[in-house]
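Peer 1: Just one file: target.cif, with mmCIF, C-alpha atoms.
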```
data_upload
loop_
_atom_site.label_atom_id
_atom_site.label_comp_id
_atom_site.auth_asym_id
_atom_site.auth_seq_id
_atom_site.Cartn_x
_atom_site.Cartn_y
_atom_site.Cartn_z
CA MET Z 61 0.00 0.00 0.00
CA SER Z 62 2.76 2.45 0.93
CA LEU Z 63 4.61 1.53 -2.26
CA ALA Z 64 1.49 2.27 -4.31
CA ALA Z 65 1.12 5.67 -2.64
CA ARG Z 66 4.73 6.46 -3.46
CA HIS Z 67 4.23 5.40 -7.09
CA LEU Z 68 1.16 7.60 -7.53
CA GLU Z 69 2.95 10.51 -5.93
CA GLU Z 70 5.98 10.06 -8.17
CA ASN Z 71 3.61 10.32 -11.10
CA GLY Z 72 1.91 13.53 -10.08
CA ILE Z 73 -1.03 12.36 -7.96
CA PRO Z 74 -1.00 13.68 -4.37
CA THR Z 75 -1.88 10.92 -1.91
CA VAL Z 76 -2.86 10.40 1.69
CA VAL Z 77 -2.56 7.02 3.43
CA PHE Z 78 -4.78 6.01 6.36
CA GLY Z 79 -3.39 3.26 8.55
CA CYS Z 80 -2.95 1.72 11.98
CA ALA Z 81 0.58 0.29 11.67
CA ARG Z 82 2.60 3.42 12.20
CA ASP Z 83 6.02 1.81 12.30
CA ILE Z 84 5.54 -0.04 9.00
CA VAL Z 85 4.20 2.95 7.07
CA GLU Z 86 6.82 5.33 8.43
CA HIS Z 87 9.62 2.81 7.88
CA CYS Z 88 8.67 2.75 4.20
CA GLY Z 89 7.99 6.47 4.03
CA VAL Z 90 4.86 7.92 2.44
CA PRO Z 91 4.12 11.54 1.54
CA ARG Z 92 1.13 11.98 3.88
CA PHE Z 93 -0.13 9.64 6.59
CA VAL Z 94 -3.07 9.73 8.98
CA PHE Z 95 -2.32 7.36 11.84
CA SER Z 96 -5.06 5.97 14.06
CA ASP Z 97 -3.79 4.07 17.09
CA PHE Z 98 -6.36 1.32 16.57
CA PRO Z 99 -6.22 -2.44 16.05
CA LEU Z 100 -5.45 -3.43 12.46
CA GLY Z 101 -8.68 -3.23 10.50
CA ASN Z 102 -10.26 0.20 10.97
CA PRO Z 103 -7.92 2.87 9.61
CA THR Z 104 -10.78 5.31 8.96
CA GLY Z 105 -12.53 5.19 12.32
CA LYS Z 106 -14.23 2.90 14.77
CA PRO Z 107 -17.00 0.74 13.34
CA TYR Z 108 -20.37 2.53 13.39
CA ASP Z 109 -18.92 5.74 14.82
CA LEU Z 110 -19.93 7.94 11.91
CA ASP Z 111 -18.80 11.20 13.48
CA MET Z 112 -15.32 9.83 14.12
CA GLN Z 113 -15.07 8.34 10.63
CA ARG Z 114 -16.07 11.63 9.05
CA ALA Z 115 -13.58 13.52 11.19
CA ILE Z 116 -10.71 11.18 10.33
CA LEU Z 117 -11.44 11.42 6.61
CA GLY Z 118 -11.57 15.19 7.03
CA LEU Z 119 -8.14 15.14 8.68
CA GLY Z 120 -6.76 13.27 5.70
CA LEU Z 121 -8.22 15.66 3.15
CA GLU Z 122 -6.89 18.61 5.10
CA LEU Z 123 -3.47 16.98 5.22
CA LEU Z 124 -3.65 16.39 1.48
CA VAL Z 125 -4.03 20.10 0.90
CA LYS Z 126 -1.82 21.51 3.66
CA ALA Z 127 1.21 19.20 3.89
CA SER Z 128 4.28 21.15 2.88
CA ALA Z 129 6.80 18.32 3.02
CA PRO Z 130 6.86 14.56 2.39
CA GLY Z 131 6.73 12.19 5.34
CA THR Z 132 4.11 14.17 7.23
CA THR Z 133 2.15 12.15 9.79
CA VAL Z 134 -1.01 13.36 11.50
CA VAL Z 135 -2.16 11.40 14.54
CA ALA Z 136 -5.93 11.08 14.78
CA PRO Z 137 -6.96 12.32 18.25
CA TYR Z 138 -8.90 9.21 19.28
CA GLU Z 139 -8.34 6.24 21.54
CA TRP Z 140 -9.62 2.80 20.75
CA SER Z 141 -10.51 2.20 24.41
CA PRO Z 142 -9.63 3.77 27.77
CA ASN Z 143 -7.11 1.01 28.40
CA HIS Z 144 -4.71 -0.31 25.80
CA SER Z 145 -4.94 -3.99 26.68
CA TRP Z 146 -5.78 -4.83 23.06
CA LYS Z 147 -2.10 -4.19 22.31
CA ASP Z 148 -0.78 -6.74 24.77
CA LYS Z 149 -1.29 -9.92 22.79
CA VAL Z 150 -0.98 -8.65 19.23
CA PHE Z 151 1.05 -11.20 17.24
CA SER Z 152 1.45 -13.64 20.09
CA LYS Z 153 1.04 -17.38 20.55
CA ALA Z 154 -2.13 -16.65 22.49
CA GLN Z 155 -3.59 -14.78 19.53
CA PRO Z 156 -2.36 -16.26 16.24
CA PHE Z 157 -2.67 -13.55 13.60
CA LEU Z 158 -4.45 -15.77 11.07
CA ASP Z 159 -6.98 -18.45 11.95
CA PRO Z 160 -6.14 -22.02 10.81
CA ASP Z 161 -8.21 -21.75 7.64
CA ALA Z 162 -6.61 -18.45 6.65
CA THR Z 163 -3.16 -19.86 7.44
CA ARG Z 164 -3.82 -22.85 5.18
CA LYS Z 165 -4.95 -20.54 2.35
CA TRP Z 166 -1.89 -18.34 2.88
CA LEU Z 167 0.44 -21.31 2.53
CA GLU Z 168 -1.43 -22.53 -0.57
CA ARG Z 169 -1.16 -19.09 -2.09
CA LYS Z 170 2.54 -18.93 -1.41
CA GLU Z 171 3.03 -22.23 -3.24
CA ALA Z 172 0.83 -21.11 -6.14
CA TYR Z 173 2.70 -17.83 -6.38
CA ARG Z 174 6.03 -19.64 -6.49
CA ALA Z 175 4.72 -21.85 -9.29
CA LEU Z 176 3.44 -18.86 -11.29
CA LYS Z 177 6.73 -17.09 -10.83
CA ALA Z 178 8.68 -20.17 -11.93
CA THR Z 179 6.71 -20.33 -15.17
CA GLY Z 180 7.11 -16.60 -15.76
CA THR Z 181 3.34 -15.99 -15.53
CA ILE Z 182 3.92 -13.23 -13.04
CA MET J 87 0.73 4.53 25.48
CA ALA J 88 3.14 3.79 22.65
CA HIS J 89 1.83 2.39 19.38
CA VAL J 90 2.33 -1.28 18.54
CA LYS J 91 5.70 -2.10 17.01
CA TYR J 92 4.48 -4.41 14.27
CA ILE J 93 7.87 -4.84 12.62
CA ASP J 94 9.40 -6.15 15.86
CA LYS J 95 6.32 -8.18 16.77
CA THR J 96 6.02 -9.93 13.41
CA ARG J 97 9.71 -10.69 13.35
CA ALA J 98 9.49 -12.38 16.75
CA TYR J 99 6.22 -14.09 15.87
CA TYR J 100 7.40 -15.70 12.65
CA GLN J 101 10.77 -16.58 14.14
CA ALA J 102 8.91 -18.54 16.84
CA GLU J 103 6.90 -20.21 14.05
CA GLY J 104 10.13 -21.50 12.56
CA TYR J 105 10.73 -18.97 9.78
CA ASP J 106 14.38 -18.08 10.23
CA LYS J 107 14.72 -15.34 7.61
CA PRO J 108 13.00 -12.19 8.88
CA TYR J 109 10.93 -10.19 6.43
CA SER J 110 12.69 -7.13 5.15
CA TRP J 111 10.15 -4.30 5.22
CA ALA J 112 10.39 -1.75 2.45
CA HIS J 113 12.54 1.24 3.30
CA PHE J 114 13.74 4.19 1.24
CA GLY J 115 15.94 7.16 1.84
CA GLN J 116 13.72 9.51 -0.12
CA ILE J 117 9.99 10.13 -0.10
CA PRO J 118 8.37 11.41 -3.30
CA PHE J 119 6.15 14.45 -3.05
CA THR J 120 3.65 16.16 -5.31
CA PRO J 121 2.57 19.35 -3.54
CA PHE J 122 -1.18 19.79 -3.67
CA ALA J 123 -0.72 23.28 -5.09
CA SER J 124 1.03 21.82 -8.12
CA ILE J 125 -2.14 20.21 -9.47
CA ALA J 126 -3.73 23.67 -9.60
CA THR J 127 -7.23 22.41 -8.82
CA PRO J 128 -9.09 23.32 -5.64
CA LEU J 129 -10.16 20.34 -3.51
CA SER J 130 -13.77 21.26 -4.15
CA ARG J 131 -13.17 20.40 -7.81
CA CYS J 132 -10.86 17.43 -7.35
CA ARG J 133 -11.80 13.94 -8.38
CA VAL J 134 -10.75 11.63 -5.57
CA GLY J 135 -9.44 8.14 -6.27
CA VAL J 136 -9.64 5.44 -3.61
CA VAL J 137 -7.35 2.46 -3.05
CA THR J 138 -7.67 -0.12 -0.31
CA THR J 139 -6.11 -3.38 0.85
CA SER J 140 -9.45 -4.53 2.24
CA GLU J 141 -10.13 -7.18 -0.44
CA MET J 142 -13.67 -6.03 -1.11
CA ALA J 143 -16.34 -8.05 -2.85
CA LEU J 144 -19.96 -7.51 -3.84
CA ARG J 145 -22.43 -9.66 -1.93
CA ASP J 146 -24.59 -10.66 -4.87
CA ALA J 147 -21.78 -11.22 -7.33
CA GLU J 148 -21.23 -14.73 -8.52
CA ALA J 149 -18.67 -16.35 -6.26
CA GLU J 150 -15.31 -16.38 -7.94
CA GLY J 151 -12.38 -18.50 -6.93
CA ASP J 152 -9.39 -16.73 -5.43
CA ASP J 153 -7.13 -15.20 -8.07
CA MET J 154 -3.81 -16.80 -7.30
CA ARG J 155 -2.04 -14.02 -9.19
CA ARG J 156 -3.64 -11.56 -6.75
CA LEU J 157 -3.82 -8.77 -9.29
CA VAL J 158 -5.28 -5.33 -8.66
CA TYR J 159 -9.02 -5.23 -9.33
CA SER J 160 -11.64 -2.53 -9.10
CA LEU J 161 -15.25 -2.18 -8.04
CA PRO J 162 -17.72 0.69 -8.56
CA THR J 163 -17.62 3.38 -5.90
CA ASP J 164 -21.37 3.86 -6.23
CA ALA J 165 -22.06 0.32 -5.05
CA PRO J 166 -24.34 0.45 -2.00
CA VAL J 167 -22.12 0.07 1.04
CA ASP J 168 -24.39 -2.63 2.44
CA GLN J 169 -23.70 -4.64 -0.71
CA LEU J 170 -19.96 -4.62 -0.09
CA TYR J 171 -17.98 -6.78 2.29
CA SER J 172 -14.34 -7.51 3.00
CA LYS J 173 -12.77 -10.91 2.40
CA LYS J 174 -9.60 -9.92 4.23
CA ALA J 175 -8.42 -12.39 6.86
CA ALA J 176 -5.37 -10.45 8.03
CA TYR J 177 -6.62 -7.93 10.60
CA ASP J 178 -6.93 -7.90 14.38
CA ARG J 179 -9.89 -10.25 14.66
CA TYR J 180 -9.56 -10.36 18.46
CA ALA J 181 -10.13 -6.65 18.94
CA THR J 182 -12.37 -5.59 16.06
CA SER J 183 -14.34 -6.58 12.98
CA LEU J 184 -14.63 -5.54 9.34
CA ASP J 185 -18.43 -5.43 9.48
CA ASP J 186 -18.68 -1.67 8.97
CA VAL J 187 -17.25 -0.89 5.53
CA ASP J 188 -16.88 2.82 6.29
CA SER J 189 -14.43 2.06 9.08
CA TYR J 190 -11.85 1.10 6.44
CA LEU J 191 -13.30 2.20 3.08
CA PRO J 192 -15.05 5.54 3.69
CA LEU J 193 -17.28 5.57 0.61
CA SER J 194 -20.37 6.93 2.40
CA HIS J 195 -18.39 9.81 3.86
CA LEU J 196 -16.73 10.61 0.54
CA ARG J 197 -20.15 10.76 -1.14
CA ARG J 198 -21.36 13.10 1.56
CA PHE J 199 -18.29 15.30 1.05
CA VAL J 200 -19.17 15.48 -2.65
CA ALA J 201 -22.77 16.43 -1.83
CA GLU J 202 -21.48 19.15 0.49
CA GLY J 203 -19.12 20.49 -2.15
CA LYS J 204 -15.95 19.74 -0.14
CA ILE J 205 -14.58 17.54 -2.91
CA GLY J 206 -15.52 17.53 -6.58
CA ALA J 207 -16.24 13.89 -7.20
CA VAL J 208 -15.26 10.35 -6.33
CA ALA J 209 -13.67 8.30 -9.11
CA PRO J 210 -16.13 5.83 -10.66
CA ARG J 211 -14.19 2.83 -9.33
CA PHE J 212 -11.92 2.08 -6.42
CA GLN J 213 -8.91 -0.23 -6.59
CA VAL J 214 -8.13 -3.17 -4.37
CA ILE J 215 -4.46 -4.00 -3.93
CA TYR J 216 -3.35 -7.05 -2.01
CA SER J 217 -0.87 -6.71 0.81
CA GLU J 218 1.98 -8.60 -0.78
CA TYR J 219 5.11 -10.30 0.45
CA SER J 220 6.74 -9.42 -2.87
CA GLN J 221 7.67 -5.75 -3.04
CA ARG J 222 8.80 -6.36 -6.61
CA LYS J 223 5.24 -7.33 -7.60
CA THR J 224 3.74 -4.31 -5.83
CA LEU J 225 6.22 -1.98 -7.52
CA THR J 226 6.26 -3.41 -11.03
CA VAL J 227 2.77 -4.87 -11.45
CA ASP J 228 0.24 -3.51 -8.94
CA ALA J 229 1.21 0.13 -8.49
CA PRO J 230 1.50 0.81 -12.25
CA GLU J 231 -1.92 -0.77 -12.80
CA ILE J 232 -3.47 1.51 -10.16
CA LEU J 233 -1.84 4.51 -11.81
CA ARG J 234 -3.11 3.40 -15.21
CA GLN J 235 -6.69 3.12 -13.95
CA MET J 236 -6.50 6.42 -12.12
CA ARG J 237 -5.24 8.21 -15.21
CA GLU J 238 -8.03 6.65 -17.22
CA ASP J 239 -10.48 7.93 -14.60
CA ARG J 240 -8.83 11.38 -14.52
CA VAL J 241 -8.15 11.18 -10.78
CA ASP J 242 -6.62 14.29 -9.20
CA VAL J 243 -5.81 13.06 -5.69
CA ALA J 244 -5.87 9.66 -4.01
CA VAL J 245 -6.93 8.29 -0.64
CA LEU J 246 -5.40 4.94 0.33
CA THR J 247 -6.57 2.84 3.25
CA ALA J 248 -4.32 0.15 4.70
CA VAL J 249 -6.38 -2.42 6.59
#
```
I'd like the structure from this file rewritten - as structure tokens, please.

Peer 2:
Amino acid sequence: MSLAARHLEENGIPTVVFGCARDIVEHCGVPRFVFSDFPLGNPTGKPYDLDMQRAILGLGLELLVKASAPGTTVVAPYEWSPNHSWKDKVFSKAQPFLDPDATRKWLERKEAYRALKATGTI
Amino acid sequence: MAHVKYIDKTRAYYQAEGYDKPYSWAHFGQIPFTPFASIATPLSRCRVGVVTTSEMALRDAEAEGDDMRRLVYSLPTDAPVDQLYSKKAAYDRYATSLDDVDSYLPLSHLRRFVAEGKIGAVAPRFQVIYSEYSQRKTLTVDAPEILRQMREDRVDVAVLTAV
């Protein structure tokens, strides 16, 4: 996603990225970034909180217009919950990132991708 | 409280799973920049393109098998939001859900911004890009395809949502 933003920007289209993985997006480096300190999944606001979603989108559009330098991050002024316990077990044995079915599909895809690459299809 | 360090966490996680070579996340010394002023169009007249990693699908569409090539695809931005859903498995399923489309693909809010005259229009289609292991594929296949579609749609600025 960050690479796509960079490509668009290199070709004359101003971009703004919305995301929840601050370290990954900033490590890559994108022109404009609205960071929400939320679990992975809801980069444009909490589910069913329409006011928050609208405000976060508004932040991004404002950033699009006002950013004067690349690599500008705006932090959305919202908390996911009063305590941050949702962060404790992210990517842990207790909470495998993918469920077994998704893991199986991921491994199948990896194999299929290797095969396509070997035949020069992709 | 500090944000989650996903790079460190995933490295430790996959190492414990037996993958010994850690993933090398994309990193560049320079960041490209197109100042908004350079497009010489006020936001109220801009056509906004939308890109997401949320692997959207239409509820009533005929079920298609997974595209193993995982190429960029697009769907109409005027699709009713309640007819869209995400097929993405990689998100924090312990803490949240992808049930509310506007929490990761803000189509309803963009339409409202058009109605209010804050933005000019939304592009007729949005692009789905897969989160890929291969940076080479993203750079040489996916990103150019998104650019091609956006040029075809005469997009002025782009909003990208990373799920």

Peer 1: Convert the output of the PyMOL selection byres ((chain Z and resi 148) around 12) on the shown file into explicit residues, formatted as an mmCIF file with C-alpha atoms, in the coordinates of the input.

Peer 2:
```cif
data_model
loop_
_atom_site.group_PDB
_atom_site.id
_atom_site.type_symbol
_atom_site.label_atom_id
_atom_site.label_comp_id
_atom_site.auth_asym_id
_atom_site.auth_seq_id
_atom_site.Cartn_x
_atom_site.Cartn_y
_atom_site.Cartn_z
ATOM 1 C CA PRO Z 99 -6.220 -2.440 16.050
ATOM 2 C CA ASN Z 143 -7.110 1.010 28.400
ATOM 3 C CA HIS Z 144 -4.710 -0.310 25.800
ATOM 4 C CA SER Z 145 -4.940 -3.990 26.680
ATOM 5 C CA TRP Z 146 -5.780 -4.830 23.060
ATOM 6 C CA LYS Z 147 -2.100 -4.190 22.310
ATOM 7 C CA LYS Z 149 -1.290 -9.920 22.790
ATOM 8 C CA VAL Z 150 -0.980 -8.650 19.230
ATOM 9 C CA PHE Z 151 1.050 -11.200 17.240
ATOM 10 C CA SER Z 152 1.450 -13.640 20.090
ATOM 11 C CA LYS Z 153 1.040 -17.380 20.550
ATOM 12 C CA ALA Z 154 -2.130 -16.650 22.490
ATOM 13 C CA GLN Z 155 -3.590 -14.780 19.530
ATOM 14 C CA MET J 87 0.730 4.530 25.480
ATOM 15 C CA ALA J 88 3.140 3.790 22.650
ATOM 16 C CA HIS J 89 1.830 2.390 19.380
ATOM 17 C CA VAL J 90 2.330 -1.280 18.540
ATOM 18 C CA LYS J 91 5.700 -2.100 17.010
ATOM 19 C CA TYR J 92 4.480 -4.410 14.270
ATOM 20 C CA LYS J 95 6.320 -8.180 16.770
ATOM 21 C CA TYR J 180 -9.560 -10.360 18.460
ATOM 22 C CA ALA J 181 -10.130 -6.650 18.940
#
```

Peer 1: Can you pull out the residues contacting Pro128 (chain J)? Cut-off 12 Å, using all atoms listed in the file, and skip same-chain residues under 3 positions away; I want them as a count of residues only.

Peer 2: 20

Peer 1: Considering only C-alpha atoms, state which residue in the set J:Gly135, J:Pro230, J:Gly115, J:Pro166 is at the smallest distance from Asp188 (chain J).

Peer 2: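 The answer is J:Pro166, which sits nearest to Asp188 (chain J).
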
Peer 1: I need the output of the PyMOL selection byres ((chain Z) within 6 of (chain J)) for this file as a list in words; which residues are they?

Peer 2: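 Output of the PyMOL selection byres ((chain Z) within 6 of (chain J)): Ala64, Glu69, Glu70, Gly72, Ile73, Pro74, Thr75, Val76, Val77, Phe78, Gly79, His87, Cys88, Gly89, Pro91, Pro99, Leu100, Gly101, Asn102, Pro103, Thr104, Gly105, Lys106, Pro107, Arg114, Val125 and Pro130 of chain Z.
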
Peer 1: Return as lines of an AutoDock Vina configuration file the box centre and box size in Å, one decimal, for an axis-aligned box around all listed atoms of region 130-149 of chain Z padded by 3 Å per side.

Peer 2:
```
center_x = -1.8
center_y = 2.3
center_z = 15.4
size_x = 23.4
size_y = 30.5
size_z = 32.0
```

Peer 1: Nearest to Val135 (chain Z) among Z:Ala65, Z:Val94, Z:Cys80, Z:Leu158, with distances taken over all atoms listed in the file: which residue is it?

Peer 2: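 Closest residue, counting all atoms listed in the file: Z:Val94.
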
Peer 1: Suppose you want the space between CA of Leu170 (chain J) and CA of Asp109 (chain Z); what is it in Å?

Peer 2: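 Distance reported for this atom pair: 18.2 Å.
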